[in-house]
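Trainee: Here it is, the structure, as structure tokens.
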Amino acid sequence: FKSRHGTLGRMAEIDYSQLEVVIQGVLSNDTNLCQDLRDRVDFHCKRLAAKLGEDYQYVWDKCHVEEDPEYKKGRTGAKIFSFQRAYGAGADTIANETGMPRSEVDALIAAEDVLYPMVKTFDQNLERDINASRIPTANKLFIEGVAFTQGEAHWDSPTGTRYVWREGIAPEFLHAKGKYTGFSPTERKNYPMQGFGGEVVQTMMGVLWRHMLENDHYDNQIRLVNTVHDCFWFDATNEKVLADAIPTLLKIIESVPTVFNDAFDTLDITVPFPAEAEMGSDMFTMNTVH
């Protein structure tokens with residue numbers, strides 16, 4: 001995607017950093033995770049350090065200063081692991097997606113449970129609440145010709161959004177234990193994280209749009225043109241006007257705690273929602289704006 005303003009035009013992308021991990025901190029209120037978010041810790045290095053049993057600063061230096069290829073490879077694996085876990089993927093799925101041995105994935109999961117125990121507690125409480133809210137529906141699930149009543153359950157998030165889960169057919173290995181239907185663990189972990197993240201982006205898009213209107217799109221020199229997952233796209237007539245505006249745009253996009261705490265009495269967000277800006281003549285050749 002190129003700027004509509006020709007060779008002088010510039011495009012910018014501002015996206016949230018590790019949004020899913022930040023959402024985990026907000027929903028679980030894990031003490032260690034929230035403090036690490038406030039300290040702007042590199043979570044991928046921290047998870048790698050925990051798995052290796054090494055000092056965090058040592059691993060950080062290996063990755064960012066020495067750029068040791070083995071440590072950088074390990075950090076990449078930890079990064080993919082982090083987002084797969086936030087999406088609700090199980091150990092086998094993560095191993096298949098990352099190419100890591102199952103034993104390595106299990107080590108990362110064990111290390112994470114020690115580092116951030118309240119994330120696991122949040123999921124356990126969520127599972128309890130889902131099972132407690134289950135009601136039968138008129139729908140049936142058929143397994144080898146036998147009809148099972150499909151259950152439905154819900155959970156209300158701190159913003160009042162209601163998430164609904166419907167039972168599916170349980171994995172075959174559970175059939176031997178007499179469990180034929182159940183709620184998906186992947187969906188249980190995925191819905192609140194992705195859903196809250198979606199609310200954040202949509203809400204802040206509204207705040208950002210009002211800012212653009214109030215400033216007449218910076219005298220019609222900057223346009224808010226798109227949003228993709230957790231990022232915002234802008235197109236401007238030239239580099240200077242965009243570079244001058246980016247600090248303000250970043251401040252608005254990062255003001256999630258203020259916006260949400262003011263809107264919801266049920267929330268007390270104490271962690272930052274950091275974002276990063278990149279700029280270039282098109283969406284492929286972009287440089288970070290510091």
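A note on labels: chains of the structure tokens are A, B, ... as shown, every chain counts residues from 1, and ligands are counted from 1 in their shown order.
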Which residues are close to segment 121-124 of chain A, i.e. within 8 Å by only C-alpha atoms, leaving aside same-chain residues fewer than 2 positions away? Reply as a list of chain:residue names.
Mentor: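 Using only C-alpha atoms, the neighbours found are A:Leu27, A:Ser28, A:Pro117, A:Met118, A:Val119, A:Leu126, A:Glu127, A:Arg128, A:Arg188, A:Lys189.
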Trainee: Got time to write the residues from that selection, all heavy atoms, as a tab-separated table (two decimals), in the first residue's frame?
Mentor:
chain	number	residue	atom	x	y	z
A	27	LEU	N	-6.78	-8.66	32.94
A	27	LEU	CA	-7.85	-9.57	33.36
A	27	LEU	C	-7.44	-10.44	34.54
A	27	LEU	O	-8.26	-10.72	35.42
A	27	LEU	CB	-8.27	-10.45	32.18
A	27	LEU	CG	-9.01	-9.73	31.03
A	27	LEU	CD1	-9.37	-10.71	29.93
A	27	LEU	CD2	-10.26	-9.02	31.54
A	28	SER	N	-6.20	-10.89	34.56
A	28	SER	CA	-5.76	-11.77	35.64
A	28	SER	C	-5.32	-10.99	36.88
A	28	SER	O	-5.33	-11.53	37.99
A	28	SER	CB	-4.60	-12.65	35.17
A	28	SER	OG	-3.42	-11.88	35.00
A	117	PRO	N	1.54	-16.94	38.20
A	117	PRO	CA	0.56	-17.94	38.65
A	117	PRO	C	-0.89	-17.49	38.56
A	117	PRO	O	-1.80	-18.31	38.41
A	117	PRO	CB	0.97	-18.19	40.11
A	117	PRO	CG	1.69	-16.95	40.52
A	117	PRO	CD	2.43	-16.49	39.29
A	118	MET	N	-1.15	-16.18	38.65
A	118	MET	CA	-2.53	-15.71	38.65
A	118	MET	C	-3.16	-15.76	37.27
A	118	MET	O	-4.40	-15.70	37.15
A	118	MET	CB	-2.59	-14.29	39.24
A	118	MET	CG	-2.24	-14.24	40.72
A	118	MET	SD	-2.12	-12.56	41.39
A	118	MET	CE	-3.84	-12.06	41.32
A	119	VAL	N	-2.35	-15.86	36.23
A	119	VAL	CA	-2.90	-16.07	34.88
A	119	VAL	C	-3.58	-17.43	34.82
A	119	VAL	O	-4.70	-17.56	34.31
A	119	VAL	CB	-1.80	-15.97	33.81
A	119	VAL	CG1	-2.35	-16.35	32.43
A	119	VAL	CG2	-1.22	-14.56	33.76
A	126	LEU	N	-12.32	-18.95	35.46
A	126	LEU	CA	-13.18	-18.79	34.29
A	126	LEU	C	-13.82	-20.13	33.93
A	126	LEU	O	-15.03	-20.19	33.64
A	126	LEU	CB	-12.35	-18.26	33.11
A	126	LEU	CG	-13.08	-18.07	31.78
A	126	LEU	CD1	-14.22	-17.06	31.94
A	126	LEU	CD2	-12.11	-17.60	30.70
A	127	GLU	N	-13.05	-21.20	33.97
A	127	GLU	CA	-13.59	-22.53	33.68
A	127	GLU	C	-14.68	-22.89	34.68
A	127	GLU	O	-15.74	-23.42	34.30
A	127	GLU	CB	-12.47	-23.57	33.74
A	127	GLU	CG	-12.93	-24.98	33.42
A	127	GLU	CD	-11.80	-26.00	33.47
A	127	GLU	OE1	-10.77	-25.71	34.13
A	127	GLU	OE2	-11.95	-27.07	32.87
A	128	ARG	N	-14.46	-22.56	35.94
A	128	ARG	CA	-15.47	-22.82	36.98
A	128	ARG	C	-16.76	-22.04	36.70
A	128	ARG	O	-17.86	-22.59	36.78
A	128	ARG	CB	-14.90	-22.42	38.34
A	128	ARG	CG	-15.85	-22.61	39.52
A	128	ARG	CD	-15.40	-21.74	40.68
A	128	ARG	NE	-15.49	-20.32	40.34
A	128	ARG	CZ	-14.76	-19.38	40.92
A	128	ARG	NH1	-13.89	-19.69	41.86
A	128	ARG	NH2	-14.90	-18.11	40.56
A	188	ARG	N	-12.16	-21.06	25.53
A	188	ARG	CA	-12.25	-20.45	26.86
A	188	ARG	C	-11.12	-19.45	27.06
A	188	ARG	O	-11.33	-18.35	27.59
A	188	ARG	CB	-12.18	-21.54	27.93
A	188	ARG	CG	-12.29	-20.99	29.35
A	188	ARG	CD	-12.10	-22.08	30.40
A	188	ARG	NE	-10.73	-22.55	30.52
A	188	ARG	CZ	-10.32	-23.79	30.33
A	188	ARG	NH1	-11.18	-24.73	29.99
A	188	ARG	NH2	-9.05	-24.11	30.48
A	189	LYS	N	-9.92	-19.82	26.66
A	189	LYS	CA	-8.77	-18.94	26.84
A	189	LYS	C	-8.74	-17.82	25.81
A	189	LYS	O	-8.24	-16.73	26.08
A	189	LYS	CB	-7.48	-19.76	26.76
A	189	LYS	CG	-7.34	-20.78	27.89
A	189	LYS	CD	-6.11	-21.65	27.71
A	189	LYS	CE	-5.99	-22.69	28.82
A	189	LYS	NZ	-4.83	-23.58	28.64
Trainee: Apply DSSP to the structure's backbone, then extract all residues of segment 191-290 of chain A labelled helix (DSSP H, G or I) and return them as a PyMOL selection string.
Mentor: chain A and resi 191-214+216-220+239-253+256-263
Trainee: Return as a Markdown table the residues of segment 202-285 of chain A lying at most 12 Å from segment 39-46 of chain A, together with the closest atom-to-atom pair for each and the distance in Å to one decimal, counting only C-alpha atoms, with rows in chain order and ascending residue number.
Mentor:
| residue | atom | partner | partner_atom | distance |
| --- | --- | --- | --- | --- |
| A:Thr270 | CA | A:Asp39 | CA | 11.8 |
| A:Val271 | CA | A:Asp39 | CA | 9.3 |
| A:Pro272 | CA | A:Arg40 | CA | 8.7 |
| A:Phe273 | CA | A:Arg40 | CA | 10.1 |
| A:Pro274 | CA | A:Arg40 | CA | 8.7 |
| A:Ala275 | CA | A:Arg40 | CA | 11.6 |
Trainee: Filtering to N, CA, C and O atoms, could you give me those residues as a PDB file, in the first residue's frame?
Mentor:
ATOM      1  N   THR A 270      -3.785  -0.586  35.779  1.00  0.00           N
ATOM      2  CA  THR A 270      -2.570   0.050  36.311  1.00  0.00           C
ATOM      3  C   THR A 270      -1.358  -0.203  35.425  1.00  0.00           C
ATOM      4  O   THR A 270      -0.242   0.163  35.790  1.00  0.00           O
ATOM      5  N   VAL A 271      -1.575  -0.840  34.284  1.00  0.00           N
ATOM      6  CA  VAL A 271      -0.459  -1.158  33.394  1.00  0.00           C
ATOM      7  C   VAL A 271      -0.532  -0.299  32.141  1.00  0.00           C
ATOM      8  O   VAL A 271      -1.614   0.110  31.718  1.00  0.00           O
ATOM      9  N   PRO A 272       0.611   0.004  31.537  1.00  0.00           N
ATOM     10  CA  PRO A 272       0.606   0.804  30.307  1.00  0.00           C
ATOM     11  C   PRO A 272       0.187  -0.032  29.107  1.00  0.00           C
ATOM     12  O   PRO A 272       0.264  -1.264  29.135  1.00  0.00           O
ATOM     13  N   PHE A 273      -0.282   0.643  28.072  1.00  0.00           N
ATOM     14  CA  PHE A 273      -0.588   0.015  26.792  1.00  0.00           C
ATOM     15  C   PHE A 273       0.352   0.617  25.748  1.00  0.00           C
ATOM     16  O   PHE A 273      -0.043   1.465  24.957  1.00  0.00           O
ATOM     17  N   PRO A 274       1.621   0.191  25.760  1.00  0.00           N
ATOM     18  CA  PRO A 274       2.605   0.824  24.875  1.00  0.00           C
ATOM     19  C   PRO A 274       2.324   0.545  23.405  1.00  0.00           C
ATOM     20  O   PRO A 274       1.807  -0.509  23.038  1.00  0.00           O
ATOM     21  N   ALA A 275       2.666   1.524  22.579  1.00  0.00           N
ATOM     22  CA  ALA A 275       2.507   1.389  21.131  1.00  0.00           C
ATOM     23  C   ALA A 275       3.786   1.869  20.446  1.00  0.00           C
ATOM     24  O   ALA A 275       4.598   2.585  21.041  1.00  0.00           O
TER      25      ALA A 275
END
Trainee: Show me, as a PyMOL selection string, the residues that have an atom within 12 Å of Met193 of chain A when counting only C-alpha atoms, minus same-chain residues fewer than 2 positions from it.
Mentor: chain A and resi 18-28+83-88+119+122-123+157+163+186-191+195-200
Trainee: Given the selection you just returned, output its residues as a file containing N, CA and C atoms, formatted as a compact mmCIF listing (two decimals), in the first residue's frame.
Mentor:
# COMPACT_ATOMS: atom_id res chain seq x y z
N GLN A 18 2.59 -6.16 22.11
CA GLN A 18 2.21 -7.30 22.96
C GLN A 18 0.84 -7.10 23.60
N LEU A 19 -0.14 -6.69 22.78
CA LEU A 19 -1.46 -6.35 23.31
C LEU A 19 -2.08 -7.51 24.08
N GLU A 20 -1.96 -8.74 23.54
CA GLU A 20 -2.58 -9.89 24.21
C GLU A 20 -1.99 -10.11 25.60
N VAL A 21 -0.67 -9.89 25.72
CA VAL A 21 -0.01 -10.08 27.02
C VAL A 21 -0.49 -9.00 28.00
N VAL A 22 -0.65 -7.78 27.52
CA VAL A 22 -1.15 -6.70 28.37
C VAL A 22 -2.56 -7.03 28.86
N ILE A 23 -3.40 -7.55 27.94
CA ILE A 23 -4.77 -7.93 28.32
C ILE A 23 -4.74 -9.03 29.37
N GLN A 24 -3.83 -9.98 29.24
CA GLN A 24 -3.69 -11.02 30.26
C GLN A 24 -3.43 -10.40 31.63
N GLY A 25 -2.58 -9.38 31.66
CA GLY A 25 -2.28 -8.71 32.91
C GLY A 25 -3.50 -8.01 33.50
N VAL A 26 -4.27 -7.34 32.63
CA VAL A 26 -5.45 -6.61 33.09
C VAL A 26 -6.50 -7.57 33.66
N LEU A 27 -6.78 -8.66 32.94
CA LEU A 27 -7.85 -9.57 33.36
C LEU A 27 -7.44 -10.44 34.54
N SER A 28 -6.20 -10.89 34.56
CA SER A 28 -5.76 -11.77 35.64
C SER A 28 -5.32 -10.99 36.88
N PHE A 83 2.36 -15.74 22.20
CA PHE A 83 1.12 -15.39 21.51
C PHE A 83 0.23 -16.61 21.31
N GLN A 84 0.83 -17.77 21.09
CA GLN A 84 0.03 -18.99 20.97
C GLN A 84 -0.70 -19.26 22.28
N ARG A 85 -0.01 -19.05 23.40
CA ARG A 85 -0.65 -19.26 24.71
C ARG A 85 -1.79 -18.27 24.91
N ALA A 86 -1.56 -17.01 24.51
CA ALA A 86 -2.61 -16.00 24.66
C ALA A 86 -3.81 -16.32 23.78
N TYR A 87 -3.57 -16.97 22.65
CA TYR A 87 -4.66 -17.35 21.75
C TYR A 87 -5.38 -18.60 22.23
N GLY A 88 -4.81 -19.26 23.26
CA GLY A 88 -5.47 -20.43 23.82
C GLY A 88 -4.98 -21.76 23.27
N VAL A 119 -2.35 -15.86 36.23
CA VAL A 119 -2.90 -16.07 34.88
C VAL A 119 -3.58 -17.43 34.82
N PHE A 122 -6.76 -17.27 36.93
CA PHE A 122 -7.86 -16.63 36.20
C PHE A 122 -8.54 -17.63 35.28
N ASP A 123 -7.75 -18.42 34.57
CA ASP A 123 -8.33 -19.41 33.65
C ASP A 123 -9.10 -20.47 34.41
N SER A 157 -17.64 -10.00 31.08
CA SER A 157 -16.34 -9.35 31.29
C SER A 157 -16.50 -8.08 32.12
N TYR A 163 -19.69 -13.10 26.90
CA TYR A 163 -19.15 -14.12 26.00
C TYR A 163 -19.92 -15.41 26.20
N THR A 186 -9.53 -24.12 24.35
CA THR A 186 -8.95 -23.09 23.48
C THR A 186 -9.88 -21.89 23.38
N GLU A 187 -11.18 -22.13 23.17
CA GLU A 187 -12.13 -21.03 23.10
C GLU A 187 -12.25 -20.31 24.43
N ARG A 188 -12.16 -21.06 25.53
CA ARG A 188 -12.25 -20.45 26.86
C ARG A 188 -11.12 -19.45 27.06
N LYS A 189 -9.92 -19.82 26.66
CA LYS A 189 -8.77 -18.94 26.84
C LYS A 189 -8.74 -17.82 25.81
N ASN A 190 -9.29 -18.09 24.63
CA ASN A 190 -9.18 -17.15 23.52
C ASN A 190 -10.17 -16.00 23.61
N TYR A 191 -11.43 -16.32 23.90
CA TYR A 191 -12.49 -15.31 23.83
C TYR A 191 -12.21 -14.06 24.68
N GLY A 195 -11.29 -10.83 22.73
CA GLY A 195 -12.46 -9.96 22.79
C GLY A 195 -12.15 -8.62 23.44
N PHE A 196 -11.45 -8.66 24.58
CA PHE A 196 -11.10 -7.42 25.26
C PHE A 196 -10.14 -6.60 24.40
N GLY A 197 -9.20 -7.29 23.75
CA GLY A 197 -8.28 -6.59 22.85
C GLY A 197 -9.03 -5.89 21.73
N GLY A 198 -10.05 -6.56 21.19
CA GLY A 198 -10.86 -5.95 20.15
C GLY A 198 -11.61 -4.73 20.66
N GLU A 199 -12.11 -4.80 21.90
CA GLU A 199 -12.80 -3.64 22.48
C GLU A 199 -11.85 -2.46 22.64
N VAL A 200 -10.61 -2.76 23.03
CA VAL A 200 -9.62 -1.69 23.19
C VAL A 200 -9.37 -0.98 21.86
Trainee: Any idea what the distance is between atom CA of Tyr16 of chain A and atom CA of Ala277 of chain A?
Mentor: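 Between these atoms lies a distance of 9.1 Å.
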Trainee: Taking 2 positions as the minimum chain separation for residues in the same chain, which residues sit within 8 Å of Thr31 of chain A when counting only C-alpha atoms? Answer as a ChimeraX atom specification.
Mentor: /A:29,33-35,116,118
Trainee: Let's have the selection written as a compact mmCIF listing (two decimals), in the first residue's frame, with N, CA, C and O atoms.
Mentor:
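For reference, again31.txt as written:
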# COMPACT_ATOMS: atom_id res chain seq x y z
N ASN A 29 -4.90 -9.74 36.67
CA ASN A 29 -4.37 -8.91 37.75
C ASN A 29 -3.19 -9.59 38.44
O ASN A 29 -2.97 -9.41 39.65
N LEU A 33 3.12 -10.17 36.63
CA LEU A 33 2.92 -9.79 35.23
C LEU A 33 2.68 -8.29 35.11
O LEU A 33 3.25 -7.62 34.24
N CYS A 34 1.84 -7.75 35.99
CA CYS A 34 1.54 -6.31 35.93
C CYS A 34 2.79 -5.48 36.21
O CYS A 34 3.02 -4.45 35.57
N GLN A 35 3.61 -5.93 37.16
CA GLN A 35 4.83 -5.19 37.46
C GLN A 35 5.80 -5.25 36.28
O GLN A 35 6.45 -4.25 35.94
N TYR A 116 3.97 -16.34 36.49
CA TYR A 116 2.70 -15.62 36.51
C TYR A 116 1.56 -16.55 36.93
O TYR A 116 0.70 -16.92 36.13
N MET A 118 -1.15 -16.18 38.65
CA MET A 118 -2.53 -15.71 38.65
C MET A 118 -3.16 -15.76 37.27
O MET A 118 -4.40 -15.70 37.15
Trainee: For segment 139-148 of chain A, find every residue with an atom within 9 Å (counting only C-alpha atoms), except residues of its own chain fewer than 2 positions away, and show them as a list in words.
Mentor: Pro136, Thr137, Gln150, Gly151, Glu167, Gly168, Ile169, Tyr180 and Thr181 of chain A
Trainee: Can you pull out the residues contacting Trp233 of chain A? Cut-off 7 Å, using only C-alpha atoms, and skip same-chain residues under 4 positions away; I want them as a PDB file with all heavy atoms, in the first residue's frame.
Mentor:
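The result, stored in result_11.pdb:
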ATOM      1  N   ALA A  12       1.966   5.931   7.870  1.00  0.00           N
ATOM      2  CA  ALA A  12       2.417   5.531   9.210  1.00  0.00           C
ATOM      3  C   ALA A  12       1.541   4.415   9.732  1.00  0.00           C
ATOM      4  O   ALA A  12       0.349   4.328   9.406  1.00  0.00           O
ATOM      5  CB  ALA A  12       2.386   6.722  10.160  1.00  0.00           C
ATOM      6  N   GLU A  13       2.153   3.576  10.531  1.00  0.00           N
ATOM      7  CA  GLU A  13       1.440   2.509  11.234  1.00  0.00           C
ATOM      8  C   GLU A  13       1.797   2.618  12.708  1.00  0.00           C
ATOM      9  O   GLU A  13       2.976   2.644  13.057  1.00  0.00           O
ATOM     10  CB  GLU A  13       1.844   1.134  10.692  1.00  0.00           C
ATOM     11  CG  GLU A  13       1.193  -0.027  11.427  1.00  0.00           C
ATOM     12  CD  GLU A  13       1.666  -1.374  10.899  1.00  0.00           C
ATOM     13  OE1 GLU A  13       2.810  -1.762  11.218  1.00  0.00           O
ATOM     14  OE2 GLU A  13       0.902  -2.020  10.174  1.00  0.00           O
ATOM     15  N   ILE A  14       0.779   2.718  13.541  1.00  0.00           N
ATOM     16  CA  ILE A  14       0.992   2.716  14.997  1.00  0.00           C
ATOM     17  C   ILE A  14       0.286   1.495  15.558  1.00  0.00           C
ATOM     18  O   ILE A  14      -0.931   1.343  15.381  1.00  0.00           O
ATOM     19  CB  ILE A  14       0.445   3.999  15.657  1.00  0.00           C
ATOM     20  CG1 ILE A  14       1.121   5.237  15.053  1.00  0.00           C
ATOM     21  CG2 ILE A  14       0.674   3.949  17.165  1.00  0.00           C
ATOM     22  CD1 ILE A  14       0.619   6.556  15.636  1.00  0.00           C
ATOM     23  N   LEU A 224      -6.784   9.195   8.611  1.00  0.00           N
ATOM     24  CA  LEU A 224      -6.846   7.896   9.286  1.00  0.00           C
ATOM     25  C   LEU A 224      -7.494   6.951   8.295  1.00  0.00           C
ATOM     26  O   LEU A 224      -8.669   7.103   7.968  1.00  0.00           O
ATOM     27  CB  LEU A 224      -7.673   8.023  10.561  1.00  0.00           C
ATOM     28  CG  LEU A 224      -7.919   6.772  11.400  1.00  0.00           C
ATOM     29  CD1 LEU A 224      -6.614   6.166  11.874  1.00  0.00           C
ATOM     30  CD2 LEU A 224      -8.789   7.126  12.602  1.00  0.00           C
ATOM     31  N   VAL A 225      -6.731   5.992   7.775  1.00  0.00           N
ATOM     32  CA  VAL A 225      -7.215   5.228   6.619  1.00  0.00           C
ATOM     33  C   VAL A 225      -7.602   3.784   6.899  1.00  0.00           C
ATOM     34  O   VAL A 225      -8.354   3.185   6.129  1.00  0.00           O
ATOM     35  CB  VAL A 225      -6.187   5.267   5.458  1.00  0.00           C
ATOM     36  CG1 VAL A 225      -6.047   6.677   4.927  1.00  0.00           C
ATOM     37  CG2 VAL A 225      -4.826   4.722   5.901  1.00  0.00           C
ATOM     38  N   ASN A 226      -7.095   3.193   7.989  1.00  0.00           N
ATOM     39  CA  ASN A 226      -7.411   1.771   8.185  1.00  0.00           C
ATOM     40  C   ASN A 226      -7.015   1.338   9.597  1.00  0.00           C
ATOM     41  O   ASN A 226      -6.258   2.013  10.281  1.00  0.00           O
ATOM     42  CB  ASN A 226      -6.669   0.907   7.158  1.00  0.00           C
ATOM     43  CG  ASN A 226      -7.357  -0.426   6.905  1.00  0.00           C
ATOM     44  OD1 ASN A 226      -8.363  -0.743   7.535  1.00  0.00           O
ATOM     45  ND2 ASN A 226      -6.826  -1.206   5.991  1.00  0.00           N
ATOM     46  N   THR A 227      -7.550   0.203   9.989  1.00  0.00           N
ATOM     47  CA  THR A 227      -7.090  -0.476  11.202  1.00  0.00           C
ATOM     48  C   THR A 227      -6.981  -1.959  10.882  1.00  0.00           C
ATOM     49  O   THR A 227      -7.853  -2.521  10.206  1.00  0.00           O
ATOM     50  CB  THR A 227      -8.041  -0.240  12.395  1.00  0.00           C
ATOM     51  OG1 THR A 227      -7.586  -1.025  13.510  1.00  0.00           O
ATOM     52  CG2 THR A 227      -9.461  -0.670  12.068  1.00  0.00           C
TER      53      THR A 227
END
Trainee: How close does segment 86-204 of chain A get to segment 246-253 of chain A? List, as a Markdown table, each residue of segment 86-204 of chain A within 10 Å, its nearest atom pair and the distance in Å to one decimal, counting only C-alpha atoms.
Mentor:
| residue | atom | partner | partner_atom | distance |
| --- | --- | --- | --- | --- |
| A:Val200 | CA | A:Ile253 | CA | 9.6 |
| A:Val201 | CA | A:Ile253 | CA | 8.7 |
| A:Thr203 | CA | A:Ile253 | CA | 9.8 |
| A:Met204 | CA | A:Ile253 | CA | 6.1 |
Trainee: Next, the residues of the selection above should be written as a PDB file, in the first residue's frame with all heavy atoms.
Mentor:
ATOM      1  N   VAL A 200     -10.609  -2.762  23.032  1.00  0.00           N
ATOM      2  CA  VAL A 200      -9.617  -1.694  23.193  1.00  0.00           C
ATOM      3  C   VAL A 200      -9.373  -0.984  21.863  1.00  0.00           C
ATOM      4  O   VAL A 200      -9.419   0.248  21.773  1.00  0.00           O
ATOM      5  CB  VAL A 200      -8.292  -2.263  23.749  1.00  0.00           C
ATOM      6  CG1 VAL A 200      -7.160  -1.242  23.606  1.00  0.00           C
ATOM      7  CG2 VAL A 200      -8.452  -2.664  25.202  1.00  0.00           C
ATOM      8  N   VAL A 201      -9.114  -1.763  20.814  1.00  0.00           N
ATOM      9  CA  VAL A 201      -8.812  -1.160  19.513  1.00  0.00           C
ATOM     10  C   VAL A 201     -10.001  -0.364  18.991  1.00  0.00           C
ATOM     11  O   VAL A 201      -9.845   0.767  18.504  1.00  0.00           O
ATOM     12  CB  VAL A 201      -8.396  -2.250  18.500  1.00  0.00           C
ATOM     13  CG1 VAL A 201      -8.245  -1.649  17.098  1.00  0.00           C
ATOM     14  CG2 VAL A 201      -7.089  -2.910  18.931  1.00  0.00           C
ATOM     15  N   THR A 203     -12.505   0.994  20.695  1.00  0.00           N
ATOM     16  CA  THR A 203     -12.739   2.171  21.517  1.00  0.00           C
ATOM     17  C   THR A 203     -11.733   3.272  21.213  1.00  0.00           C
ATOM     18  O   THR A 203     -12.088   4.447  21.034  1.00  0.00           O
ATOM     19  CB  THR A 203     -12.668   1.812  23.016  1.00  0.00           C
ATOM     20  OG1 THR A 203     -13.665   0.836  23.303  1.00  0.00           O
ATOM     21  CG2 THR A 203     -12.887   3.030  23.885  1.00  0.00           C
ATOM     22  N   MET A 204     -10.458   2.901  21.141  1.00  0.00           N
ATOM     23  CA  MET A 204      -9.426   3.900  20.899  1.00  0.00           C
ATOM     24  C   MET A 204      -9.494   4.430  19.467  1.00  0.00           C
ATOM     25  O   MET A 204      -9.095   5.574  19.212  1.00  0.00           O
ATOM     26  CB  MET A 204      -8.044   3.320  21.211  1.00  0.00           C
ATOM     27  CG  MET A 204      -7.894   2.839  22.653  1.00  0.00           C
ATOM     28  SD  MET A 204      -8.559   3.975  23.912  1.00  0.00           S
ATOM     29  CE  MET A 204      -7.475   5.389  23.668  1.00  0.00           C
TER      30      MET A 204
END
Trainee: If you run DSSP over the backbone, which residues in segment 32-264 of chain A end up strand (DSSP E)? Put them as number ranges by chain.
Mentor: A: 135-143, 146-156, 162-166, 168-169, 181-182, 222-228, 231-236
Trainee: Just the residues within 8 Å of Asp235 of chain A, please, counting only C-alpha atoms, with nothing from its chain fewer than 3 positions along; format it as a ChimeraX atom specification.
Mentor: /A:3-4,9-12,222-225
Trainee: Closest to Pro185 of chain A among A:Tyr58, A:Tyr71, A:Tyr218, A:Trp165, using only C-alpha atoms?
Mentor: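 Between A:Tyr58, A:Tyr71, A:Tyr218, A:Trp165, the residue approaching Pro185 of chain A most closely is A:Trp165.
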Trainee: Could you check the closest approach to Arg75 of chain A for each of A:Arg38, A:Lys179, A:Arg47, A:His5 and tell me which residue wins, using only C-alpha atoms?
Mentor: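 Comparing A:Arg38, A:Lys179, A:Arg47, A:His5 against Arg75 of chain A, the winner is A:Arg47.
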Trainee: Could you tell me which of A:Ser133, A:Thr93, A:Thr149, A:Thr159 comes closest to Asp265 of chain A if we count only C-alpha atoms?
Mentor: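 Going through A:Ser133, A:Thr93, A:Thr149, A:Thr159 one by one, the smallest distance to Asp265 of chain A is for A:Thr159.
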Trainee: Calculated over only C-alpha atoms, which of the candidates A:Lys79, A:Lys62, A:His217, A:His154 has the smallest distance to Thr98 of chain A?
Mentor: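 The closest residue to Thr98 of chain A is A:Lys79.
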